[in-house]
Structures are given as C-alpha cells and as structure tokens.
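Trainee: If you scroll down you'll find the structure; I have some questions about it.
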Amino acid sequence: MASRTLPFPLFDADNHLYEPPEALTRHLPEKYASAIQYVQVDGRTKIAIRGRISDYIPNPTFEVVARPGAWEEYFRNGNPEGKSHRELFGKPMKSIPAFHEPAPRLELMDELGIQRTLMFPTLASLIEERMRDDPELIHVVVHSLNQWLHETWQFNHKDRIYTTPVISLPIVDKAIAELEWCLERGARAILVRPAPVPGLGGSRSFALPEFDPFWQLVEEAGVLVSMHSSDSGYSRYASEWEGKQREMTPFQAQVFRMLGEWRPVTDAVASWVCHGALFRFPDLKISVIENGSSWLAPLLDQLTDVYKKQPRGFLGDPVEAVTSRIHISPFWEEDMAELAGVIGAERVLFGSDYPHPEGLADPVSYIDALQGMNESDQAKIMGGNLARLIDT
C-alpha cells in the first residue's frame, strides 16, 4: 500500500515486468529456435544464448525474485559490513501475477498510488550484446519479444501502462520496419540501448547520419525515446584490464567495473551532440532512465571545454542541447534540486524502478527527495513532465 496520497497524479518513468521463458521463444521462427534455450544446470534453470549459458540474470524464469526495494538500505547507507549481494537481497519471494500480466498490475498500481507508468522488460537487455556479431538474429529476436510484449501487455494498456517495445538499429531498414510495426500497435515510447550499434562492419554511433531515416520517423511520430540502463557491452573493456573475459552480471560485485558504471550513459549522451542527431532532429524527445545523474556535471564540463577548443566540430552548443533536450530520471537518493538547477525541473522524471530490488518498495516515497522544492515542481517531476512527453 502507498504510504501517503499526493495532491497530484503519479506517472512513473520506470516500472518493470518480468518475462517468462515464452517471451523470448514463443514467436521465434523455427529456423532460429536454438538461438535462445532454457537449460538445467545443477538443478537450476539458466538461459543459453546461442548455446552459451548466461549468468546475467541469476534466475531468468523469474519464478522467484528479490523483494521490491530489497536494496533500499544499501543505497541509503552503503554497505559498511561488506555484505554479499545475496545477503543484501534478503529473503526472496515467489513471483506474483502483477509482475507478469497487465490486469493484476493495474490493481497493484492502484494500491501503490501510481496512476500511469512506462513498463520496461527486464531480461531483454541481454539480447543485443550477446548477439552483436549477428545483426540479422538481433532483429529476429527483438521482433519476437515485441510480439510477445504486445500480445501480453499491449503497448498502451487502458492509457495507464505504456509498455516499451525494444528497437535495435543494426540494419536501418529493419529498424524502421520494426518501429512502424510498433507504432501501428499504439506504442508511445520505445526502448533503445545506450550503446554503440553492432554491425558486420563494426559498431558505430546511433547518432551518425546513417540512422537519420530512423530518427526522422521517430520525430514525426512523436514517440518518446527511452535509453534505459542495459548491458551496453562495456564489460569487455573491464575484461581487458582484468585479463579475463566476463559478461556483465549486475547482481555480482565487480568493483573495477563499478568504477566505470556511468561510462555507457556518458558516451551515449555525448554521442547525441558530438555526432549531431540532437541538432538534426530538434523535436526528438529523449529520456535517460535508471542511469542516475552523477555523470551529468562531469560530461557538461568536458563538453564545455571541447566546445571552447573546437566549436566547428559541433552543429550547435552541445551543453545547451543536452541541458534543454535530455530528460533524466535520477535515482531517488540523488540531489533533485541540484539536478533541476542544471536542466530545469521540466526535464526531471520520477522513476521508482519497481519491482526491482534496487528500486523503491513504496514508489510514492520518492517525494521525500523533493522536499526542498515547491509543489509545482514536485508535480512536474512526479508525473507532469512524463505526461507531457507521452501525450503530445
């Protein structure tokens, strides 16, 4: 139950569903059936991508999950006792229908005091990185997932749950076709990985002119681009320092990787201005979700310095473009007033990350981080800003 009632509606920018195995497999063409398999390892179900077992999500069936907000104390006070991730998680719970289906989720949202939400998949973030050498396969698997998302959740469920289809960009024509398919079915927001786009000729920025036909359609459709934290592939750089290959495993402590935790979002946002797409498409609506905001000030300092030295390398002022165009959903433990002072309260989005353990068990409690702000700005952050982005 919500701890309190607020005087304005809540539109949560970061809720999650948990995908059952059929989410990735039900609609896979037979030719690709072996690309994703669920296998038994020592009595536990694991997901295997092209025959290789992944530990990205310890329990990929989501039959048992961590309790919502299990890590709140960790993010509030740190980990002075050096507890393991398992100890920090506490006792898990059996997954409930509200984590898998829209009707019971609406009932849960009513209990939590959430009027509307963006709904992101959870397991989907492992797809692109583990198939980056096979662009055709990426598009096939992404479409298979999107078919399940629409079939089960819809992309707009009763104007309250806006499930975000995944759009991958390796082959531009296929990305455009996928976007059109999603738009025809009511998508109001899309999920694009904050990472270089994989391809047979090597990876490249999503903001290069090659992708302009895609972004033009996004702009014309008015859909919100959500760049949610994901496996952006940066673990391979840490692996080069550590001398061993490791996949990204968000629920295991890897301290060297944690030092560069915000490098992917820093590079992604920098790419928007350095490679020009943010200037070429001035009406694009872009949000950065579950990446915090601590990366913003250092990035703006760097862009200020580079712009001063090489202004002709940009299509406009990169700092002004980032601060006036990018919407950010910060972590609840961050300084909201400070962030609003940089980008304006109009570009700050409330996101609870419910029901993930690193999120809030009581999403309404996010308001506690806004106590120093006036009610008008609180209303914008807790829902008004996202409503403007989705409804226009």
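Ligands are numbered from 1 in the order shown, residues from 1 within each chain, and chains are lettered A, B, ... in the order they appear in the structure tokens.
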Could you make a table, as a Markdown table, of the residues of region 34-129 of chain A that have an atom within 7 Å of an atom of region 15-30 of chain A, each with its nearest atom pair and distance in Å to one decimal, counting only C-alpha atoms, in chain and number order?
Mentor:
| residue | atom | partner | partner_atom | distance |
| --- | --- | --- | --- | --- |
| A:Ile36 | CA | A:Thr25 | CA | 6.9 |
| A:Thr61 | CA | A:Pro20 | CA | 5.5 |
| A:Phe62 | CA | A:Tyr18 | CA | 6.4 |
| A:Phe99 | CA | A:Leu17 | CA | 5.2 |
| A:His100 | CA | A:Tyr18 | CA | 5.7 |
| A:Thr117 | CA | A:Asn15 | CA | 6.5 |
| A:Leu118 | CA | A:Asn15 | CA | 6.0 |
| A:Met119 | CA | A:Asn15 | CA | 4.9 |
| A:Phe120 | CA | A:His16 | CA | 4.7 |
| A:Pro121 | CA | A:Leu17 | CA | 5.3 |
| A:Thr122 | CA | A:Tyr18 | CA | 5.8 |
| A:Leu123 | CA | A:Glu19 | CA | 6.6 |
Trainee: Write the residues you've just listed into a file as an mmCIF file, in the first residue's frame, and include C-alpha atoms for each of them.
Mentor:
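Below is the file that was written, out.cif:
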data_model
loop_
_atom_site.group_PDB
_atom_site.id
_atom_site.type_symbol
_atom_site.label_atom_id
_atom_site.label_comp_id
_atom_site.auth_asym_id
_atom_site.auth_seq_id
_atom_site.Cartn_x
_atom_site.Cartn_y
_atom_site.Cartn_z
ATOM 1 C CA ILE A 36 17.553 -18.983 -27.093
ATOM 2 C CA THR A 61 12.479 -17.641 -15.296
ATOM 3 C CA PHE A 62 11.600 -15.076 -12.589
ATOM 4 C CA PHE A 99 4.831 -8.879 -12.290
ATOM 5 C CA HIS A 100 3.759 -10.757 -15.431
ATOM 6 C CA THR A 117 3.730 4.152 -15.850
ATOM 7 C CA LEU A 118 6.242 3.255 -18.520
ATOM 8 C CA MET A 119 6.727 -0.511 -18.388
ATOM 9 C CA PHE A 120 10.135 -1.898 -19.323
ATOM 10 C CA PRO A 121 11.117 -5.531 -19.860
ATOM 11 C CA THR A 122 13.878 -6.890 -17.629
ATOM 12 C CA LEU A 123 15.612 -9.796 -19.369
#
Trainee: What does the structure give for the distance between CA of Ser34 (chain A) and CA of Leu137 (chain A), in Å to one decimal?
Mentor: 11.3 Å
Trainee: One decimal, Å: what's the distance from CA of Ala195 (chain A) over to CA of Gly233 (chain A), could you say?
Mentor: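 If I compute the distance from CA of Ala195 (chain A) to CA of Gly233 (chain A), I get 7.3 Å.
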Trainee: Please list as a compact mmCIF listing (two decimals) with N, CA and C atoms, in the first residue's frame every residue within 9 Å of Leu284 (chain A), counting only C-alpha atoms and excluding residues in the same chain fewer than 4 positions away.
Mentor:
# COMPACT_ATOMS: atom_id res chain seq x y z
N TRP A 215 15.52 8.14 -37.20
CA TRP A 215 15.20 9.20 -36.25
C TRP A 215 14.17 10.17 -36.83
N GLN A 216 14.18 10.34 -38.13
CA GLN A 216 13.17 11.21 -38.74
C GLN A 216 11.76 10.65 -38.49
N VAL A 218 10.92 8.63 -36.02
CA VAL A 218 10.68 8.77 -34.58
C VAL A 218 10.18 10.18 -34.27
N GLU A 219 10.86 11.15 -34.84
CA GLU A 219 10.49 12.55 -34.60
C GLU A 219 9.08 12.84 -35.12
N GLU A 220 8.79 12.37 -36.33
CA GLU A 220 7.48 12.61 -36.92
C GLU A 220 6.37 11.95 -36.11
N GLY A 222 6.45 11.35 -32.90
CA GLY A 222 6.35 11.97 -31.58
C GLY A 222 6.50 11.00 -30.42
N VAL A 223 7.05 9.81 -30.68
CA VAL A 223 7.23 8.85 -29.59
C VAL A 223 8.45 9.22 -28.75
N LEU A 224 8.41 8.82 -27.49
CA LEU A 224 9.50 9.08 -26.57
C LEU A 224 10.59 8.03 -26.72
N VAL A 225 11.82 8.46 -26.88
CA VAL A 225 12.97 7.56 -26.91
C VAL A 225 13.47 7.38 -25.48
N LEU A 278 21.05 15.16 -32.29
CA LEU A 278 20.22 16.02 -31.46
C LEU A 278 19.99 17.37 -32.12
N ARG A 325 17.33 19.47 -23.79
CA ARG A 325 16.66 18.45 -24.60
C ARG A 325 16.57 17.09 -23.93
Trainee: Can you work out the spacing between CA of Trp272 (chain A) and CA of Val141 (chain A) in Å, to one decimal?
Mentor: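 Interatomic distance, CA of Trp272 (chain A) to CA of Val141 (chain A): 26.3 Å.
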Trainee: What lies within 7 Å of region 341-358 of chain A using only C-alpha atoms, ignoring chain neighbours under 5 positions off, as a ChimeraX atom specification?
Mentor: /A:12-16,66-72,323-324,326-329,363,377,380-383,385-386
Trainee: Do you know which residues are at most 12 Å from Glu111 (chain A) counting only C-alpha atoms, after dropping those on the same chain fewer than 6 positions away, and could you put them as a ChimeraX atom specification?
Mentor: /A:1-5,98,104-105,361-364
Trainee: Please produce a file of those selected residues containing C-alpha atoms, as a PDB file, in the first residue's frame.
Mentor:
ATOM      1  CA  MET A   1       0.000   0.000   0.000  1.00  0.00           C
ATOM      2  CA  ALA A   2       1.103   3.558  -0.691  1.00  0.00           C
ATOM      3  CA  SER A   3       2.425   5.329   2.390  1.00  0.00           C
ATOM      4  CA  ARG A   4       0.563   8.532   1.534  1.00  0.00           C
ATOM      5  CA  THR A   5      -1.654  10.263  -1.011  1.00  0.00           C
ATOM      6  CA  ALA A  98       1.223  -8.479 -11.183  1.00  0.00           C
ATOM      7  CA  PRO A 104      -3.239  -7.549 -11.834  1.00  0.00           C
ATOM      8  CA  ARG A 105      -0.533  -4.927 -12.356  1.00  0.00           C
ATOM      9  CA  ALA A 361       9.149  -0.695  -2.391  1.00  0.00           C
ATOM     10  CA  ASP A 362       6.886   2.328  -1.882  1.00  0.00           C
ATOM     11  CA  PRO A 363       7.212   4.413  -5.074  1.00  0.00           C
ATOM     12  CA  VAL A 364       5.294   7.362  -3.588  1.00  0.00           C
TER      13      VAL A 364
END
Trainee: With only C-alpha atoms as the counted atoms, please give the residues lying no more than 6 Å from region 159-176 of chain A, apart from itself and same-chain residues fewer than 4 positions off, as a PyMOL selection string.
Mentor: chain A and resi 116-120+135+146+155+189-192+197-199+214
Trainee: Export, as a tab-separated table (two decimals), in the first residue's frame, the selected residues with N, CA and C atoms.
Mentor:
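The result, written out as selection.tsv:
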chain	number	residue	atom	x	y	z
A	116	ARG	N	-0.13	6.15	-13.77
A	116	ARG	CA	0.36	5.69	-15.07
A	116	ARG	C	1.84	5.34	-14.96
A	117	THR	N	2.32	4.51	-15.90
A	117	THR	CA	3.73	4.15	-15.85
A	117	THR	C	4.24	3.74	-17.23
A	118	LEU	N	5.53	3.94	-17.45
A	118	LEU	CA	6.24	3.26	-18.52
A	118	LEU	C	6.61	1.88	-17.98
A	119	MET	N	6.45	0.86	-18.82
A	119	MET	CA	6.73	-0.51	-18.39
A	119	MET	C	7.85	-1.09	-19.25
A	120	PHE	N	8.98	-1.38	-18.61
A	120	PHE	CA	10.13	-1.90	-19.32
A	120	PHE	C	10.30	-3.40	-19.09
A	135	PRO	N	23.72	-9.35	-36.71
A	135	PRO	CA	22.65	-8.34	-36.75
A	135	PRO	C	21.30	-8.89	-37.16
A	146	ASN	N	8.97	-8.34	-29.05
A	146	ASN	CA	7.95	-7.31	-29.19
A	146	ASN	C	6.57	-7.90	-29.47
A	155	PHE	N	0.98	-2.18	-26.03
A	155	PHE	CA	1.90	-1.05	-25.88
A	155	PHE	C	1.21	0.14	-25.22
A	189	ALA	N	6.20	5.00	-26.50
A	189	ALA	CA	7.60	5.11	-26.09
A	189	ALA	C	8.33	3.88	-26.60
A	190	ILE	N	9.60	4.03	-26.91
A	190	ILE	CA	10.41	2.92	-27.38
A	190	ILE	C	11.67	2.83	-26.53
A	191	LEU	N	12.24	1.65	-26.50
A	191	LEU	CA	13.44	1.39	-25.71
A	191	LEU	C	14.62	1.18	-26.65
A	192	VAL	N	15.61	2.07	-26.56
A	192	VAL	CA	16.82	1.99	-27.38
A	192	VAL	C	18.02	1.90	-26.45
A	197	VAL	N	25.89	0.80	-31.87
A	197	VAL	CA	25.05	-0.13	-32.62
A	197	VAL	C	25.94	-1.20	-33.24
A	198	PRO	N	25.68	-2.48	-32.98
A	198	PRO	CA	26.51	-3.53	-33.57
A	198	PRO	C	26.22	-3.70	-35.05
A	199	GLY	N	27.18	-4.22	-35.77
A	199	GLY	CA	27.01	-4.48	-37.20
A	199	GLY	C	28.16	-5.29	-37.74
A	214	PHE	N	15.70	6.69	-39.64
A	214	PHE	CA	15.01	6.14	-38.48
A	214	PHE	C	14.59	7.25	-37.53
Trainee: Point out the residue among A:Ile390, A:Met109, A:Cys182, A:Leu339 with the least atom-to-atom distance to Leu145 (chain A), counting only C-alpha atoms.
Mentor: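 Of all the options, A:Cys182 lies closest to Leu145 (chain A).
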Trainee: So that I can check the surroundings of Ala207 (chain A), please list as a PDB file with N, CA and C atoms, in the first residue's frame every protein, DNA and RNA residue that reaches within 7 Å of it, counting only C-alpha atoms and ignoring chain neighbours fewer than 3 positions away.
Mentor:
ATOM      1  N   PHE A 211      21.714   6.773 -39.558  1.00  0.00           N
ATOM      2  CA  PHE A 211      20.458   6.439 -38.890  1.00  0.00           C
ATOM      3  C   PHE A 211      19.406   7.532 -38.990  1.00  0.00           C
ATOM      4  N   SER A 271      27.281  11.228 -27.518  1.00  0.00           N
ATOM      5  CA  SER A 271      27.114  10.891 -28.925  1.00  0.00           C
ATOM      6  C   SER A 271      25.985  11.685 -29.567  1.00  0.00           C
ATOM      7  N   TRP A 272      24.906  11.912 -28.826  1.00  0.00           N
ATOM      8  CA  TRP A 272      23.784  12.666 -29.382  1.00  0.00           C
ATOM      9  C   TRP A 272      24.222  14.025 -29.922  1.00  0.00           C
ATOM     10  N   HIS A 275      27.862  13.591 -32.513  1.00  0.00           N
ATOM     11  CA  HIS A 275      27.568  13.034 -33.827  1.00  0.00           C
ATOM     12  C   HIS A 275      26.335  13.673 -34.460  1.00  0.00           C
ATOM     13  N   GLY A 276      25.768  14.654 -33.769  1.00  0.00           N
ATOM     14  CA  GLY A 276      24.873  15.602 -34.411  1.00  0.00           C
ATOM     15  C   GLY A 276      23.385  15.328 -34.455  1.00  0.00           C
ATOM     16  N   ALA A 277      22.920  14.123 -34.101  1.00  0.00           N
ATOM     17  CA  ALA A 277      21.492  13.819 -34.284  1.00  0.00           C
ATOM     18  C   ALA A 277      20.588  14.727 -33.470  1.00  0.00           C
TER      19      ALA A 277
END
Trainee: So which residues of region 97-304 of chain A fall under alpha helix (DSSP H) by DSSP, listed as a JSON list (two decimals) with C-alpha atoms, in the first residue's frame?
Mentor:
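Heads up, here's the output in out26.json:
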[["chain", "number", "residue", "atom", "x", "y", "z"],
["A", 102, "PRO", "CA", -1.29, -6.09, -17.00],
["A", 103, "ALA", "CA", -4.67, -6.62, -15.26],
["A", 104, "PRO", "CA", -3.24, -7.55, -11.83],
["A", 105, "ARG", "CA", -0.53, -4.93, -12.36],
["A", 106, "LEU", "CA", -3.20, -2.23, -12.62],
["A", 107, "GLU", "CA", -4.63, -3.38, -9.30],
["A", 108, "LEU", "CA", -1.16, -3.21, -7.76],
["A", 109, "MET", "CA", -0.59, 0.25, -9.23],
["A", 110, "ASP", "CA", -3.80, 1.40, -7.57],
["A", 111, "GLU", "CA", -2.53, 0.08, -4.24],
["A", 112, "LEU", "CA", 0.83, 1.82, -4.77],
["A", 127, "ILE", "CA", 19.84, -9.67, -26.20],
["A", 128, "GLU", "CA", 21.86, -7.26, -28.30],
["A", 129, "GLU", "CA", 25.22, -7.61, -26.61],
["A", 130, "ARG", "CA", 25.23, -11.40, -26.81],
["A", 135, "PRO", "CA", 22.65, -8.34, -36.75],
["A", 136, "GLU", "CA", 20.02, -10.40, -38.55],
["A", 137, "LEU", "CA", 19.49, -12.53, -35.45],
["A", 138, "ILE", "CA", 19.19, -9.45, -33.25],
["A", 139, "HIS", "CA", 16.32, -8.14, -35.34],
["A", 140, "VAL", "CA", 14.57, -11.53, -35.37],
["A", 141, "VAL", "CA", 14.78, -11.96, -31.58],
["A", 142, "VAL", "CA", 13.77, -8.36, -30.87],
["A", 143, "HIS", "CA", 10.70, -8.72, -33.07],
["A", 144, "SER", "CA", 9.84, -11.99, -31.36],
["A", 145, "LEU", "CA", 9.99, -10.27, -27.98],
["A", 146, "ASN", "CA", 7.95, -7.31, -29.19],
["A", 147, "GLN", "CA", 5.27, -9.67, -30.47],
["A", 148, "TRP", "CA", 5.00, -11.22, -27.01],
["A", 149, "LEU", "CA", 5.01, -7.80, -25.30],
["A", 150, "HIS", "CA", 2.14, -6.59, -27.47],
["A", 151, "GLU", "CA", 0.23, -9.85, -27.21],
["A", 152, "THR", "CA", 0.50, -9.96, -23.41],
["A", 172, "VAL", "CA", 18.36, 0.59, -40.56],
["A", 173, "ASP", "CA", 15.61, -0.65, -42.86],
["A", 174, "LYS", "CA", 14.71, -3.38, -40.39],
["A", 175, "ALA", "CA", 14.75, -0.89, -37.51],
["A", 176, "ILE", "CA", 12.34, 1.34, -39.44],
["A", 177, "ALA", "CA", 10.07, -1.63, -40.19],
["A", 178, "GLU", "CA", 10.07, -2.61, -36.51],
["A", 179, "LEU", "CA", 9.27, 0.93, -35.46],
["A", 180, "GLU", "CA", 6.40, 1.12, -37.94],
["A", 181, "TRP", "CA", 5.05, -2.21, -36.65],
["A", 182, "CYS", "CA", 5.13, -0.89, -33.08],
["A", 183, "LEU", "CA", 3.56, 2.46, -34.00],
["A", 184, "GLU", "CA", 0.70, 0.70, -35.76],
["A", 212, "ASP", "CA", 18.74, 9.70, -39.83],
["A", 213, "PRO", "CA", 15.85, 8.00, -41.69],
["A", 214, "PHE", "CA", 15.01, 6.14, -38.48],
["A", 215, "TRP", "CA", 15.20, 9.20, -36.25],
["A", 216, "GLN", "CA", 13.17, 11.21, -38.74],
["A", 217, "LEU", "CA", 10.32, 8.72, -38.38],
["A", 218, "VAL", "CA", 10.68, 8.77, -34.58],
["A", 219, "GLU", "CA", 10.49, 12.55, -34.60],
["A", 220, "GLU", "CA", 7.48, 12.61, -36.92],
["A", 221, "ALA", "CA", 5.65, 10.04, -34.78],
["A", 235, "SER", "CA", 32.30, -5.20, -19.51],
["A", 236, "ARG", "CA", 34.65, -6.28, -22.29],
["A", 237, "TYR", "CA", 36.77, -3.18, -21.65],
["A", 238, "ALA", "CA", 37.00, -4.06, -17.96],
["A", 239, "SER", "CA", 37.88, -7.60, -19.02],
["A", 240, "GLU", "CA", 40.90, -6.29, -20.91],
["A", 241, "TRP", "CA", 42.16, -4.67, -17.72],
["A", 242, "GLU", "CA", 41.49, -7.75, -15.63],
["A", 255, "VAL", "CA", 34.43, -3.33, -8.22],
["A", 256, "PHE", "CA", 36.58, -2.39, -11.21],
["A", 257, "ARG", "CA", 33.54, -2.35, -13.47],
["A", 258, "MET", "CA", 31.65, -0.26, -10.88],
["A", 259, "LEU", "CA", 34.26, 2.49, -11.20],
["A", 263, "ARG", "CA", 30.63, 5.43, -18.85],
["A", 264, "PRO", "CA", 27.99, 3.96, -21.18],
["A", 265, "VAL", "CA", 25.39, 6.66, -20.50],
["A", 266, "THR", "CA", 28.06, 9.37, -20.61],
["A", 267, "ASP", "CA", 29.14, 8.20, -24.05],
["A", 268, "ALA", "CA", 25.55, 7.76, -25.23],
["A", 269, "VAL", "CA", 24.51, 11.29, -24.30],
["A", 270, "ALA", "CA", 27.77, 12.71, -25.67],
["A", 271, "SER", "CA", 27.11, 10.89, -28.92],
["A", 272, "TRP", "CA", 23.78, 12.67, -29.38],
["A", 273, "VAL", "CA", 25.61, 16.00, -29.66],
["A", 274, "CYS", "CA", 29.06, 15.00, -30.93],
["A", 277, "ALA", "CA", 21.49, 13.82, -34.28],
["A", 278, "LEU", "CA", 20.22, 16.02, -31.46],
["A", 279, "PHE", "CA", 20.76, 19.06, -33.69],
["A", 280, "ARG", "CA", 19.46, 17.49, -36.90],
["A", 296, "LEU", "CA", 25.91, 14.81, -15.98],
["A", 297, "ALA", "CA", 28.10, 17.52, -14.41],
["A", 298, "PRO", "CA", 31.43, 15.92, -15.47],
["A", 299, "LEU", "CA", 30.09, 15.46, -19.01],
["A", 300, "LEU", "CA", 28.94, 19.07, -19.23],
["A", 301, "ASP", "CA", 32.37, 20.24, -18.02],
["A", 302, "GLN", "CA", 34.05, 18.17, -20.72],
["A", 303, "LEU", "CA", 31.68, 19.38, -23.42],
["A", 304, "THR", "CA", 32.24, 22.99, -22.36]]
Trainee: Choose the residue, out of A:Glu261, A:Asp391, A:Glu334, A:Asp231, that has the smallest atom-to-atom separation from Met131 (chain A); count only C-alpha atoms.
Mentor: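 Checking each candidate against Met131 (chain A), we get A:Asp231 as the closest.
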Trainee: Name the residues of region 215-390 of chain A that come out as strand (DSSP E) in a backbone DSSP run; write them as a list in words.
Mentor: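 Everything in region 215-390 of chain A that counts as strand (DSSP E) is Leu224, Val225, Ser226, Met227, His228, Lys285, Ile286, Ser287, Val288, Ile289, Ile326, His327, Ile328 and Ser329 of chain A.
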Trainee: Let me make sure I understand: among A:Arg204, A:His85, A:His157, A:Arg193, which one has the smallest atom-to-atom distance to Ile289 (chain A) if we use only C-alpha atoms?
Mentor: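 The closest residue to Ile289 (chain A) is A:Arg193.
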Trainee: With distances taken over only C-alpha atoms, which of A:Glu63, A:Pro282, A:Ala337, A:Pro9 is nearest to Pro97 (chain A)?
Mentor: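 Counting only C-alpha atoms, the residue closest to Pro97 (chain A) is A:Glu63.
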